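Q: Encoded as structure tokens, here's the structure I'll be asking about.
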Amino acid sequence: CVHMYTLAKWCGGNTNAITITDHHHHITITMSAPPRLQIQTILPPPSSVRPIETLFSKDGVFLFATAPSPSTSPSGDGDRDGVILTLTLCRDHEKNVMNPAMVSLLIQALDVIDSHPVATDTNNKALIITGMNLNENNAPASKFFSNGLDLEWFLRANSNASEDNPKPASKLIESFNSRVLARILTLPFRTVAAINGHCIGAGLFLALACDYRIMRTKRGYVQWPESRLGMRLTKGFAELSKAKIGNGIGMSSDHHVLREGVLTAKMFNSAEALSSGIIDAEYPIEELYSHAFRMAMKGLPESPSGMNLEYFDPKAYTEIKVEMYTDAYRALKFGKVEDFPSSRI
């Protein structure tokens, strides 16, 4: 079951506020004059989960592991009901942009997933990627899932190229493609992007590499900004977009979605992204992580309450994803930024 936390706030005026907190019922009331009542409902992760430990924490990137409680899990066995991994990007001072620091941190976090016993001792797991700050209680919601490539760094990098590193910008994109996106695309378990805010360019490609995408309502856009910035997509980003954008509810074909998205740099809000098939669902920010957690739980391959795949094999599962997204995988894993747009994959 999921407990609902309600925060009631009296807002308005410039007078000093009085705060009353009922910890038993999880209610906080702040009053000031003139009063205007606002109610915010916060859905935490399901109460049947407990944190195991922080697997990775460095410079604003965190990897958490959470598992169902044995006392409340359907099977009575927490291990059998799997592990939910959550990768959170909290480099808000940089808007979670992709630069050498962020790409290195993502690679390190993925390496931990491949090596930490909490993750490697079970095949029954799933991964959530989000820009929500889950490390602090009552932390304000970030406006950014990822604001894309760090354009300021790219401009500096191109002007500071050297004989030892003649194309630093291209090298970074290729590292992001091959060591981050290609890995996430073919992980042997379900991946869910919980898009908490703006999801632009490279941030959108990070979300597209995941199996499922859900997005907050009311704030944030997804966008392919390349035509606005005078940039090309590169083969990896182009093939990933074509692999993951399906027929939308309001669009006659996926080609129409890509045409509008890529050629016009359209900014899709959550409702437009949903009708276009870019995301799978939209929720208020207060409910976003809970729904991402439920989606991850439903994708646990060996859980009775998940997919319950009788002969699940993680190696075969990765191979299935490679077979589904062959062109995208090959372009991300082996492609070069300097490849001609018309080059074969």
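Identifiers in the structure tokens: chain A, B, ... in order shown; residue index from 1 per chain; ligand index from 1 in order shown.
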Taking the DSSP secondary structure from the backbone, can you list the residues of range 211-270 of chain A that are alpha helix (DSSP H), as a PyMOL selection string?

A: chain A and resi 226-229+235-244+254-264+270

Q: For the strand (DSSP E) assignment from backbone DSSP, which residues of range 120-293 of chain A qualify? Please present them as a count of residues only.

A: 28

Q: Kindly indicate which residue among A:Phe237, A:Phe293, A:Tyr317, A:Tyr311 lies nearest to Ala331 in chain A, using only C-alpha atoms for the distances.

A: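 For Ala331 in chain A, the nearest of the candidates is A:Phe237.
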
Q: So which residues touch range 194-205 of chain A within 8 Å, counting only C-alpha atoms, skipping near sequence neighbours fewer than 2 positions away, as a JSON list (two decimals) with all heavy atoms, in the first residue's frame?

A:
[["chain", "number", "residue", "atom", "x", "y", "z"],
["A", 97, "VAL", "N", 24.11, 19.16, -17.15],
["A", 97, "VAL", "CA", 24.59, 19.10, -18.53],
["A", 97, "VAL", "C", 25.67, 18.03, -18.67],
["A", 97, "VAL", "O", 26.30, 17.62, -17.70],
["A", 97, "VAL", "CB", 25.15, 20.46, -18.99],
["A", 97, "VAL", "CG1", 24.04, 21.48, -19.11],
["A", 97, "VAL", "CG2", 26.26, 20.95, -18.05],
["A", 98, "MET", "N", 25.87, 17.61, -19.91],
["A", 98, "MET", "CA", 26.86, 16.58, -20.21],
["A", 98, "MET", "C", 28.19, 17.23, -20.56],
["A", 98, "MET", "O", 28.32, 17.88, -21.60],
["A", 98, "MET", "CB", 26.37, 15.69, -21.37],
["A", 98, "MET", "CG", 25.10, 14.94, -21.05],
["A", 98, "MET", "SD", 25.29, 13.83, -19.64],
["A", 98, "MET", "CE", 23.56, 13.59, -19.17],
["A", 128, "ILE", "N", 16.10, 2.99, -12.25],
["A", 128, "ILE", "CA", 15.43, 4.27, -12.50],
["A", 128, "ILE", "C", 16.52, 5.33, -12.64],
["A", 128, "ILE", "O", 17.46, 5.38, -11.86],
["A", 128, "ILE", "CB", 14.50, 4.65, -11.33],
["A", 128, "ILE", "CG1", 13.40, 3.60, -11.15],
["A", 128, "ILE", "CG2", 13.88, 6.03, -11.55],
["A", 128, "ILE", "CD1", 12.63, 3.75, -9.84],
["A", 129, "ILE", "N", 16.39, 6.20, -13.64],
["A", 129, "ILE", "CA", 17.29, 7.34, -13.80],
["A", 129, "ILE", "C", 16.46, 8.61, -13.71],
["A", 129, "ILE", "O", 15.43, 8.74, -14.38],
["A", 129, "ILE", "CB", 18.03, 7.29, -15.15],
["A", 129, "ILE", "CG1", 18.85, 6.01, -15.27],
["A", 129, "ILE", "CG2", 18.93, 8.52, -15.31],
["A", 129, "ILE", "CD1", 19.57, 5.86, -16.60],
["A", 130, "THR", "N", 16.88, 9.55, -12.87],
["A", 130, "THR", "CA", 16.10, 10.76, -12.66],
["A", 130, "THR", "C", 17.00, 11.91, -12.24],
["A", 130, "THR", "O", 18.14, 11.70, -11.82],
["A", 130, "THR", "CB", 15.02, 10.54, -11.57],
["A", 130, "THR", "OG1", 14.17, 11.69, -11.49],
["A", 130, "THR", "CG2", 15.64, 10.26, -10.21],
["A", 131, "GLY", "N", 16.48, 13.12, -12.37],
["A", 131, "GLY", "CA", 17.17, 14.30, -11.86],
["A", 131, "GLY", "C", 16.60, 14.76, -10.54],
["A", 131, "GLY", "O", 16.95, 15.84, -10.05],
["A", 132, "MET", "N", 15.72, 13.96, -9.92],
["A", 132, "MET", "CA", 15.14, 14.31, -8.63],
["A", 132, "MET", "C", 16.18, 14.12, -7.53],
["A", 132, "MET", "O", 16.95, 13.17, -7.54],
["A", 132, "MET", "CB", 13.91, 13.45, -8.35],
["A", 132, "MET", "CG", 12.80, 13.60, -9.36],
["A", 132, "MET", "SD", 11.39, 12.52, -9.02],
["A", 132, "MET", "CE", 10.74, 13.30, -7.53],
["A", 141, "ALA", "N", 12.04, 20.55, -5.96],
["A", 141, "ALA", "CA", 12.13, 19.79, -7.20],
["A", 141, "ALA", "C", 13.05, 20.49, -8.18],
["A", 141, "ALA", "O", 12.93, 21.70, -8.42],
["A", 141, "ALA", "CB", 10.74, 19.62, -7.81],
["A", 142, "SER", "N", 13.98, 19.75, -8.75],
["A", 142, "SER", "CA", 14.89, 20.32, -9.74],
["A", 142, "SER", "C", 14.13, 20.62, -11.02],
["A", 142, "SER", "O", 13.20, 19.91, -11.39],
["A", 142, "SER", "CB", 16.03, 19.34, -10.03],
["A", 142, "SER", "OG", 16.81, 19.80, -11.12],
["A", 143, "LYS", "N", 14.54, 21.66, -11.70],
["A", 143, "LYS", "CA", 13.92, 22.03, -12.97],
["A", 143, "LYS", "C", 14.48, 21.24, -14.14],
["A", 143, "LYS", "O", 13.97, 21.34, -15.25],
["A", 143, "LYS", "CB", 14.13, 23.52, -13.24],
["A", 143, "LYS", "CG", 13.50, 24.46, -12.22],
["A", 143, "LYS", "CD", 13.81, 25.91, -12.57],
["A", 143, "LYS", "CE", 13.24, 26.86, -11.55],
["A", 143, "LYS", "NZ", 13.58, 28.28, -11.87],
["A", 144, "PHE", "N", 15.54, 20.45, -13.89],
["A", 144, "PHE", "CA", 16.24, 19.82, -15.00],
["A", 144, "PHE", "C", 16.43, 18.32, -14.79],
["A", 144, "PHE", "O", 16.90, 17.89, -13.74],
["A", 144, "PHE", "CB", 17.62, 20.47, -15.19],
["A", 144, "PHE", "CG", 17.56, 21.93, -15.51],
["A", 144, "PHE", "CD1", 17.64, 22.88, -14.51],
["A", 144, "PHE", "CD2", 17.38, 22.35, -16.82],
["A", 144, "PHE", "CE1", 17.56, 24.23, -14.80],
["A", 144, "PHE", "CE2", 17.30, 23.70, -17.13],
["A", 144, "PHE", "CZ", 17.39, 24.65, -16.11],
["A", 145, "PHE", "N", 16.03, 17.54, -15.80],
["A", 145, "PHE", "CA", 16.51, 16.17, -15.91],
["A", 145, "PHE", "C", 17.93, 16.23, -16.46],
["A", 145, "PHE", "O", 18.86, 15.74, -15.86],
["A", 145, "PHE", "CB", 15.58, 15.38, -16.83],
["A", 145, "PHE", "CG", 16.02, 13.97, -17.08],
["A", 145, "PHE", "CD1", 15.78, 12.98, -16.15],
["A", 145, "PHE", "CD2", 16.67, 13.62, -18.27],
["A", 145, "PHE", "CE1", 16.18, 11.67, -16.37],
["A", 145, "PHE", "CE2", 17.07, 12.32, -18.50],
["A", 145, "PHE", "CZ", 16.83, 11.34, -17.55],
["A", 146, "SER", "N", 18.09, 16.88, -17.60],
["A", 146, "SER", "CA", 19.40, 17.26, -18.13],
["A", 146, "SER", "C", 19.18, 18.28, -19.23],
["A", 146, "SER", "O", 18.32, 18.10, -20.09],
["A", 146, "SER", "CB", 20.16, 16.06, -18.68],
["A", 146, "SER", "OG", 21.33, 16.49, -19.36],
["A", 147, "ASN", "N", 19.98, 19.34, -19.19],
["A", 147, "ASN", "CA", 19.84, 20.41, -20.17],
["A", 147, "ASN", "C", 20.71, 20.18, -21.40],
["A", 147, "ASN", "O", 20.96, 21.09, -22.17],
["A", 147, "ASN", "CB", 20.19, 21.76, -19.54],
["A", 147, "ASN", "CG", 19.44, 22.91, -20.17],
["A", 147, "ASN", "OD1", 18.26, 22.77, -20.51],
["A", 147, "ASN", "ND2", 20.11, 24.04, -20.34],
["A", 148, "GLY", "N", 21.17, 18.94, -21.58],
["A", 148, "GLY", "CA", 21.90, 18.58, -22.79],
["A", 148, "GLY", "C", 23.39, 18.75, -22.68],
["A", 148, "GLY", "O", 23.97, 18.70, -21.59],
["A", 149, "LEU", "N", 24.04, 18.91, -23.82],
["A", 149, "LEU", "CA", 25.49, 19.09, -23.84],
["A", 149, "LEU", "C", 25.86, 20.42, -23.20],
["A", 149, "LEU", "O", 25.12, 21.40, -23.29],
["A", 149, "LEU", "CB", 26.00, 19.05, -25.29],
["A", 149, "LEU", "CG", 25.82, 17.73, -26.05],
["A", 149, "LEU", "CD1", 26.28, 17.91, -27.49],
["A", 149, "LEU", "CD2", 26.60, 16.60, -25.39],
["A", 181, "LEU", "N", 25.31, 5.63, -23.21],
["A", 181, "LEU", "CA", 24.04, 5.34, -23.88],
["A", 181, "LEU", "C", 23.94, 3.91, -24.37],
["A", 181, "LEU", "O", 22.90, 3.25, -24.18],
["A", 181, "LEU", "CB", 23.84, 6.31, -25.04],
["A", 181, "LEU", "CG", 23.74, 7.80, -24.69],
["A", 181, "LEU", "CD1", 23.43, 8.62, -25.95],
["A", 181, "LEU", "CD2", 22.68, 8.05, -23.62],
["A", 192, "VAL", "N", 13.99, 2.75, -16.44],
["A", 192, "VAL", "CA", 12.92, 3.74, -16.45],
["A", 192, "VAL", "C", 13.52, 5.12, -16.25],
["A", 192, "VAL", "O", 14.25, 5.35, -15.28],
["A", 192, "VAL", "CB", 11.89, 3.47, -15.33],
["A", 192, "VAL", "CG1", 10.77, 4.51, -15.36],
["A", 192, "VAL", "CG2", 11.32, 2.06, -15.44],
["A", 207, "ALA", "N", 17.38, 9.74, -21.78],
["A", 207, "ALA", "CA", 16.05, 9.20, -21.49],
["A", 207, "ALA", "C", 15.62, 8.18, -22.56],
["A", 207, "ALA", "O", 15.02, 7.15, -22.24],
["A", 207, "ALA", "CB", 15.02, 10.34, -21.41],
["A", 208, "LEU", "N", 15.93, 8.46, -23.83],
["A", 208, "LEU", "CA", 15.55, 7.54, -24.90],
["A", 208, "LEU", "C", 16.29, 6.21, -24.79],
["A", 208, "LEU", "O", 15.78, 5.18, -25.24],
["A", 208, "LEU", "CB", 15.83, 8.16, -26.27],
["A", 208, "LEU", "CG", 14.93, 9.32, -26.70],
["A", 208, "LEU", "CD1", 15.39, 9.88, -28.04],
["A", 208, "LEU", "CD2", 13.47, 8.88, -26.79],
["A", 209, "ALA", "N", 17.47, 6.21, -24.20],
["A", 209, "ALA", "CA", 18.20, 4.95, -24.03],
["A", 209, "ALA", "C", 17.49, 4.03, -23.05],
["A", 209, "ALA", "O", 17.74, 2.81, -23.06],
["A", 209, "ALA", "CB", 19.63, 5.23, -23.56],
["A", 213, "ARG", "N", 9.80, 5.80, -20.30],
["A", 213, "ARG", "CA", 9.98, 7.19, -19.90],
["A", 213, "ARG", "C", 8.67, 7.73, -19.35],
["A", 213, "ARG", "O", 7.61, 7.59, -19.99],
["A", 213, "ARG", "CB", 10.40, 8.05, -21.12],
["A", 213, "ARG", "CG", 11.82, 7.80, -21.57],
["A", 213, "ARG", "CD", 12.06, 8.26, -23.00],
["A", 213, "ARG", "NE", 11.28, 7.48, -23.96],
["A", 213, "ARG", "CZ", 11.60, 6.25, -24.34],
["A", 213, "ARG", "NH1", 12.66, 5.65, -23.84],
["A", 213, "ARG", "NH2", 10.85, 5.60, -25.22],
["A", 214, "ILE", "N", 8.73, 8.32, -18.16],
["A", 214, "ILE", "CA", 7.58, 9.04, -17.62],
["A", 214, "ILE", "C", 8.05, 10.45, -17.27],
["A", 214, "ILE", "O", 9.24, 10.67, -17.02],
["A", 214, "ILE", "CB", 6.96, 8.34, -16.40],
["A", 214, "ILE", "CG1", 7.94, 8.28, -15.23],
["A", 214, "ILE", "CG2", 6.50, 6.94, -16.77],
["A", 214, "ILE", "CD1", 7.32, 7.71, -13.95],
["A", 215, "MET", "N", 7.13, 11.40, -17.27],
["A", 215, "MET", "CA", 7.52, 12.81, -17.16],
["A", 215, "MET", "C", 6.57, 13.55, -16.24],
["A", 215, "MET", "O", 5.38, 13.22, -16.17],
["A", 215, "MET", "CB", 7.52, 13.45, -18.56],
["A", 215, "MET", "CG", 8.00, 14.87, -18.62],
["A", 215, "MET", "SD", 8.05, 15.45, -20.36],
["A", 215, "MET", "CE", 8.52, 17.16, -20.10],
["A", 216, "ARG", "N", 7.10, 14.54, -15.56],
["A", 216, "ARG", "CA", 6.26, 15.38, -14.71],
["A", 216, "ARG", "C", 5.37, 16.28, -15.56],
["A", 216, "ARG", "O", 5.70, 16.63, -16.70],
["A", 216, "ARG", "CB", 7.12, 16.26, -13.78],
["A", 216, "ARG", "CG", 7.89, 17.36, -14.50],
["A", 216, "ARG", "CD", 8.51, 18.35, -13.53],
["A", 216, "ARG", "NE", 7.51, 19.06, -12.77],
["A", 216, "ARG", "CZ", 7.79, 19.96, -11.82],
["A", 216, "ARG", "NH1", 9.05, 20.23, -11.51],
["A", 216, "ARG", "NH2", 6.83, 20.56, -11.16],
["A", 219, "ARG", "N", 5.64, 21.41, -15.82],
["A", 219, "ARG", "CA", 6.92, 22.09, -16.00],
["A", 219, "ARG", "C", 7.88, 21.16, -16.73],
["A", 219, "ARG", "O", 7.94, 19.98, -16.43],
["A", 219, "ARG", "CB", 7.51, 22.50, -14.66],
["A", 219, "ARG", "CG", 8.95, 23.02, -14.76],
["A", 219, "ARG", "CD", 9.48, 23.52, -13.44],
["A", 219, "ARG", "NE", 8.92, 24.80, -13.09],
["A", 219, "ARG", "CZ", 9.20, 25.46, -11.99],
["A", 219, "ARG", "NH1", 10.04, 24.95, -11.11],
["A", 219, "ARG", "NH2", 8.64, 26.63, -11.75],
["A", 220, "GLY", "N", 8.62, 21.73, -17.65],
["A", 220, "GLY", "CA", 9.64, 20.96, -18.35],
["A", 220, "GLY", "C", 9.25, 20.65, -19.78],
["A", 220, "GLY", "O", 8.08, 20.48, -20.11],
["A", 221, "TYR", "N", 10.26, 20.58, -20.63],
["A", 221, "TYR", "CA", 10.08, 20.26, -22.04],
["A", 221, "TYR", "C", 11.11, 19.22, -22.46],
["A", 221, "TYR", "O", 12.19, 19.12, -21.88],
["A", 221, "TYR", "CB", 10.26, 21.50, -22.92],
["A", 221, "TYR", "CG", 9.25, 22.59, -22.68],
["A", 221, "TYR", "CD1", 9.51, 23.63, -21.78],
["A", 221, "TYR", "CD2", 8.03, 22.59, -23.35],
["A", 221, "TYR", "CE1", 8.57, 24.63, -21.56],
["A", 221, "TYR", "CE2", 7.09, 23.59, -23.15],
["A", 221, "TYR", "CZ", 7.36, 24.61, -22.24],
["A", 221, "TYR", "OH", 6.43, 25.59, -22.03],
["A", 222, "VAL", "N", 10.75, 18.44, -23.49],
["A", 222, "VAL", "CA", 11.74, 17.61, -24.16],
["A", 222, "VAL", "C", 11.97, 18.23, -25.54],
["A", 222, "VAL", "O", 11.03, 18.75, -26.17],
["A", 222, "VAL", "CB", 11.30, 16.14, -24.28],
["A", 222, "VAL", "CG1", 11.13, 15.52, -22.89],
["A", 222, "VAL", "CG2", 10.01, 16.00, -25.07],
["A", 223, "GLN", "N", 13.22, 18.18, -25.99],
["A", 223, "GLN", "CA", 13.53, 18.86, -27.25],
["A", 223, "GLN", "C", 14.79, 18.28, -27.89],
["A", 223, "GLN", "O", 15.75, 17.92, -27.21],
["A", 223, "GLN", "CB", 13.78, 20.36, -26.99],
["A", 223, "GLN", "CG", 14.04, 21.16, -28.27],
["A", 223, "GLN", "CD", 14.54, 22.56, -27.98],
["A", 223, "GLN", "OE1", 15.34, 22.78, -27.09],
["A", 223, "GLN", "NE2", 14.07, 23.53, -28.77],
["A", 224, "TRP", "N", 14.71, 18.15, -29.24],
["A", 224, "TRP", "CA", 15.91, 17.98, -30.06],
["A", 224, "TRP", "C", 16.34, 19.39, -30.47],
["A", 224, "TRP", "O", 15.73, 19.98, -31.37],
["A", 224, "TRP", "CB", 15.59, 17.16, -31.30],
["A", 224, "TRP", "CG", 15.35, 15.71, -31.11],
["A", 224, "TRP", "CD1", 16.26, 14.70, -31.19],
["A", 224, "TRP", "CD2", 14.09, 15.06, -30.87],
["A", 224, "TRP", "NE1", 15.67, 13.48, -31.01],
["A", 224, "TRP", "CE2", 14.32, 13.67, -30.80],
["A", 224, "TRP", "CE3", 12.78, 15.53, -30.69],
["A", 224, "TRP", "CZ2", 13.31, 12.75, -30.58],
["A", 224, "TRP", "CZ3", 11.76, 14.62, -30.45],
["A", 224, "TRP", "CH2", 12.04, 13.25, -30.40],
["A", 225, "PRO", "N", 17.39, 19.98, -29.92],
["A", 225, "PRO", "CA", 17.70, 21.39, -30.19],
["A", 225, "PRO", "C", 18.68, 21.60, -31.34],
["A", 225, "PRO", "O", 19.06, 22.74, -31.62],
["A", 225, "PRO", "CB", 18.37, 21.82, -28.87],
["A", 225, "PRO", "CG", 19.12, 20.60, -28.43],
["A", 225, "PRO", "CD", 18.26, 19.41, -28.85],
["A", 226, "GLU", "N", 19.09, 20.53, -32.02],
["A", 226, "GLU", "CA", 20.22, 20.63, -32.94],
["A", 226, "GLU", "C", 19.98, 21.62, -34.08],
["A", 226, "GLU", "O", 20.88, 22.40, -34.42],
["A", 226, "GLU", "CB", 20.55, 19.24, -33.51],
["A", 226, "GLU", "CG", 21.23, 18.30, -32.51],
["A", 226, "GLU", "CD", 20.28, 17.74, -31.47],
["A", 226, "GLU", "OE1", 19.03, 17.82, -31.67],
["A", 226, "GLU", "OE2", 20.77, 17.19, -30.47],
["A", 237, "PHE", "N", 23.02, 9.57, -32.18],
["A", 237, "PHE", "CA", 21.81, 10.21, -31.70],
["A", 237, "PHE", "C", 20.65, 10.03, -32.67],
["A", 237, "PHE", "O", 19.50, 9.84, -32.27],
["A", 237, "PHE", "CB", 22.06, 11.71, -31.48],
["A", 237, "PHE", "CG", 23.05, 12.02, -30.38],
["A", 237, "PHE", "CD1", 23.72, 13.23, -30.37],
["A", 237, "PHE", "CD2", 23.30, 11.12, -29.36],
["A", 237, "PHE", "CE1", 24.62, 13.53, -29.36],
["A", 237, "PHE", "CE2", 24.20, 11.41, -28.34],
["A", 237, "PHE", "CZ", 24.87, 12.63, -28.34],
["A", 240, "LEU", "N", 19.36, 6.35, -32.46],
["A", 240, "LEU", "CA", 18.64, 6.14, -31.20],
["A", 240, "LEU", "C", 17.26, 6.77, -31.26],
["A", 240, "LEU", "O", 16.27, 6.17, -30.82],
["A", 240, "LEU", "CB", 19.45, 6.74, -30.04],
["A", 240, "LEU", "CG", 18.82, 6.63, -28.66],
["A", 240, "LEU", "CD1", 18.62, 5.17, -28.25],
["A", 240, "LEU", "CD2", 19.69, 7.35, -27.62],
["A", 241, "SER", "N", 17.16, 7.96, -31.83],
["A", 241, "SER", "CA", 15.86, 8.62, -31.95],
["A", 241, "SER", "C", 14.92, 7.80, -32.82],
["A", 241, "SER", "O", 13.75, 7.59, -32.48],
["A", 241, "SER", "CB", 16.04, 10.02, -32.55],
["A", 241, "SER", "OG", 16.85, 10.83, -31.72],
["A", 285, "ILE", "N", 4.66, 16.07, -10.24],
["A", 285, "ILE", "CA", 5.99, 15.84, -9.71],
["A", 285, "ILE", "C", 5.94, 15.10, -8.38],
["A", 285, "ILE", "O", 6.82, 14.29, -8.07],
["A", 285, "ILE", "CB", 6.76, 17.19, -9.56],
["A", 285, "ILE", "CG1", 8.20, 16.94, -9.13],
["A", 285, "ILE", "CG2", 6.04, 18.13, -8.61],
["A", 285, "ILE", "CD1", 9.04, 16.15, -10.10],
["A", 288, "LEU", "N", 5.77, 11.42, -9.25],
["A", 288, "LEU", "CA", 6.59, 10.91, -10.34],
["A", 288, "LEU", "C", 7.45, 9.72, -9.91],
["A", 288, "LEU", "O", 7.47, 8.68, -10.56],
["A", 288, "LEU", "CB", 7.48, 12.03, -10.89],
["A", 288, "LEU", "CG", 8.30, 11.66, -12.13],
["A", 288, "LEU", "CD1", 7.39, 11.45, -13.33],
["A", 288, "LEU", "CD2", 9.34, 12.75, -12.43],
["A", 289, "TYR", "N", 8.18, 9.86, -8.80],
["A", 289, "TYR", "CA", 9.09, 8.79, -8.41],
["A", 289, "TYR", "C", 8.33, 7.54, -7.98],
["A", 289, "TYR", "O", 8.76, 6.41, -8.27],
["A", 289, "TYR", "CB", 10.03, 9.24, -7.30],
["A", 289, "TYR", "CG", 11.03, 8.17, -6.92],
["A", 289, "TYR", "CD1", 12.07, 7.84, -7.78],
["A", 289, "TYR", "CD2", 10.92, 7.47, -5.73],
["A", 289, "TYR", "CE1", 12.97, 6.84, -7.47],
["A", 289, "TYR", "CE2", 11.83, 6.48, -5.40],
["A", 289, "TYR", "CZ", 12.84, 6.17, -6.28],
["A", 289, "TYR", "OH", 13.74, 5.17, -5.97],
["A", 292, "ALA", "N", 7.41, 5.78, -11.08],
["A", 292, "ALA", "CA", 8.61, 5.18, -11.67],
["A", 292, "ALA", "C", 8.99, 3.92, -10.92],
["A", 292, "ALA", "O", 9.38, 2.90, -11.52],
["A", 292, "ALA", "CB", 9.76, 6.18, -11.64]]

Q: To one decimal in Å, tell me the separation between CA of Val83 in chain A and CA of Thr120 in chain A.

A: 10.3 Å

Q: Find the residue from A:Leu151, A:Ala316, A:Ile184, A:Val262 that sits nearest to Ala169 in chain A; use only C-alpha atoms when measuring.

A: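 So, comparing all the options, the nearest one is A:Leu151.
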
Q: Could you tell me which of A:Val337, A:Ile320, A:Leu55, A:Met297 comes closest to Phe176 in chain A if we count only C-alpha atoms?

A: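 For Phe176 in chain A, the nearest of the candidates is A:Val337.
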
Q: So that I can see what lies close to Asp111 in chain A, please list as a ChimeraX atom specification the residues with an atom at most 10 Å from it, counting only C-alpha atoms and leaving out residues fewer than 5 positions away in the same chain.

A: /A:56,105-106,116,179

Q: For Ile278 in chain A, which residue out of A:Phe334, A:Thr264, A:Cys210, A:Lys321 is the nearest one, using only C-alpha atoms?

A: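 Selected residue with least distance to Ile278 in chain A: A:Cys210.
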
Q: Could you please determine the separation between CA of Leu258 in chain A and CA of Ala328 in chain A in Å, to one decimal place?

A: 15.2 Å

Q: Would you kindly return, as a list in words, each protein, DNA or RNA residue with an atom no farther than 12 Å from any atom of Glu302 in chain A, considering only C-alpha atoms and excluding same-chain residues fewer than 5 positions away?

A: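 Answer for this query is Ser75, Asp79, Arg80, Asp81, Gly82, Val83, Thr122, Asn123, Asn124, Lys125, Ala126, Phe189, Arg190, Met297, Met307, Asn308, Leu309, Glu310, Tyr311, Phe312, Asp313 and Pro314 of chain A.
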